[in-house]
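Working notes, beginning with the structure itself.
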Amino acid sequence: MSTLPRRFVVLLVPEHVVDRSGAAVEDSAVRSAVVESTGAQGASGYPRYAGHGIVADIDPETRTVEALLVDGSELDYGLTALVMEYTPS
């Protein structure tokens with residue numbers, strides 16, 4: 001039996017950022033948030049994570065965002081949500 005990750009980092013990155021010129025993806029993000037498992041399943045059927053105004057259904061195996069709300073609204077056009085492992089500082 002596998003356990004679900006407790007936390008992820010969600011990064012909102014503009015789609016037009018094609019070449020980061022060596023910059024880390026975190027430097028290209030217009031917003032980031034640490035989201036924590038709520039213990040519930042979202043409408044997509046994947047585990048729900050929430051934090052700092054972001055609510056996301058995330059497939060923990062592929063790190064794919066299956067559903068996303070930012071401050072209660074759908075993601076603006078031109079932005080992509082990326083998921084990274086959370087590593088405490």
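Following the order of the structure tokens, chains are lettered A, B, ..., residues in each are numbered from 1, and ligands are numbered from 1.
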
Report as a Markdown table: every residue of stretch 25-53 of chain A with an atom at most 10 Å from stretch 64-77 of chain A, its closest pair of atoms, and their distance in Å to one decimal, counting only C-alpha atoms, with rows sorted by chain and ascending residue number.
```
| residue | atom | partner | partner_atom | distance |
| --- | --- | --- | --- | --- |
| A:Gly42 | CA | A:Ala67 | CA | 8.1 |
| A:Ala43 | CA | A:Ala67 | CA | 8.2 |
| A:Ser44 | CA | A:Glu66 | CA | 6.5 |
| A:Gly45 | CA | A:Glu66 | CA | 8.9 |
| A:Tyr46 | CA | A:Glu66 | CA | 7.5 |
| A:Pro47 | CA | A:Glu66 | CA | 9.6 |
| A:Arg48 | CA | A:Ala67 | CA | 9.0 |
| A:Tyr49 | CA | A:Leu68 | CA | 9.6 |
| A:Ala50 | CA | A:Leu69 | CA | 9.4 |
| A:Gly51 | CA | A:Val70 | CA | 9.9 |
| A:His52 | CA | A:Asp71 | CA | 8.5 |
| A:Gly53 | CA | A:Asp71 | CA | 4.7 |
```

Now that the selection is made, can you save its residues with N, CA and C atoms as a compact mmCIF listing (two decimals), in the first residue's frame?
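Output contents, as saved in selection_5.txt:
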```txt
# COMPACT_ATOMS: atom_id res chain seq x y z
N GLY A 42 -11.19 14.93 -5.09
CA GLY A 42 -11.85 15.96 -5.87
C GLY A 42 -12.83 15.35 -6.85
N ALA A 43 -13.54 16.22 -7.58
CA ALA A 43 -14.50 15.77 -8.57
C ALA A 43 -13.83 14.97 -9.68
N SER A 44 -12.54 15.19 -9.90
CA SER A 44 -11.80 14.47 -10.94
C SER A 44 -11.48 13.04 -10.51
N GLY A 45 -11.64 12.74 -9.22
CA GLY A 45 -11.32 11.43 -8.70
C GLY A 45 -9.92 11.32 -8.12
N TYR A 46 -9.16 12.40 -8.21
CA TYR A 46 -7.81 12.42 -7.67
C TYR A 46 -7.80 13.13 -6.32
N PRO A 47 -6.77 12.90 -5.52
CA PRO A 47 -6.69 13.54 -4.21
C PRO A 47 -6.68 15.07 -4.32
N ARG A 48 -7.35 15.71 -3.38
CA ARG A 48 -7.43 17.17 -3.36
C ARG A 48 -6.36 17.73 -2.43
N TYR A 49 -5.71 18.79 -2.91
CA TYR A 49 -4.69 19.51 -2.16
C TYR A 49 -5.09 20.98 -2.14
N ALA A 50 -4.82 21.67 -1.03
CA ALA A 50 -5.20 23.07 -0.92
C ALA A 50 -4.19 23.84 -0.09
N GLY A 51 -4.07 25.13 -0.42
CA GLY A 51 -3.22 26.01 0.36
C GLY A 51 -2.95 27.31 -0.36
N HIS A 52 -2.89 28.38 0.39
CA HIS A 52 -2.52 29.71 -0.12
C HIS A 52 -3.38 30.13 -1.32
N GLY A 53 -4.68 29.85 -1.27
CA GLY A 53 -5.60 30.28 -2.31
C GLY A 53 -5.69 29.34 -3.50
```

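The neighbours of stretch 5-13 of chain A here are the residues that come within 6 Å of it, using only C-alpha atoms and leaving out any residue fewer than 5 positions away in the same chain; they are Ala29, Val30, Arg31, Ser32, Ala33, Val34, Val35, Glu36, Ser37, Leu79, Thr80, Ala81, Leu82, Val83, Met84, Glu85 and Tyr86 of chain A.
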
### Task
Mind the document's chain letters and residue numbers, and return as JSON, numbers by chain the residues of stretch 10-83 of chain A that DSSP labels helix (DSSP H, G or I).
{"A": [25, 26, 27, 28]}

Go ahead and write the selection's residues with all heavy atoms as a short mmCIF file (atom, residue, chain, number, x, y, z; two decimals), in the first residue's frame.
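Written file, selection-v4.cif:
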```
data_model
loop_
_atom_site.label_atom_id
_atom_site.label_comp_id
_atom_site.auth_asym_id
_atom_site.auth_seq_id
_atom_site.Cartn_x
_atom_site.Cartn_y
_atom_site.Cartn_z
N VAL A 25 12.66 26.81 -13.19
CA VAL A 25 11.23 26.99 -13.42
C VAL A 25 10.61 27.85 -12.32
O VAL A 25 9.69 28.62 -12.56
CB VAL A 25 10.51 25.63 -13.59
CG1 VAL A 25 10.50 24.86 -12.29
CG2 VAL A 25 9.12 25.82 -14.11
N GLU A 26 11.14 27.75 -11.10
CA GLU A 26 10.61 28.55 -9.99
C GLU A 26 10.77 30.05 -10.27
O GLU A 26 9.96 30.86 -9.85
CB GLU A 26 11.33 28.21 -8.68
CG GLU A 26 11.11 26.81 -8.20
CD GLU A 26 12.19 25.85 -8.70
OE1 GLU A 26 12.90 26.17 -9.66
OE2 GLU A 26 12.30 24.77 -8.12
N ASP A 27 11.83 30.43 -11.00
CA ASP A 27 12.07 31.83 -11.31
C ASP A 27 11.11 32.36 -12.37
O ASP A 27 10.93 33.56 -12.51
CB ASP A 27 13.51 32.04 -11.78
CG ASP A 27 14.52 31.73 -10.69
OD1 ASP A 27 14.16 31.86 -9.50
OD2 ASP A 27 15.65 31.36 -11.03
N SER A 28 10.50 31.45 -13.15
CA SER A 28 9.55 31.85 -14.20
C SER A 28 8.12 31.89 -13.71
O SER A 28 7.24 32.38 -14.41
CB SER A 28 9.64 30.87 -15.37
OG SER A 28 10.94 30.84 -15.90
#
```

When you draw a straight line from atom CA of A:Thr62 to atom CA of A:Thr3, how long is it in Å?
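A separation of 14.4 Å between them.
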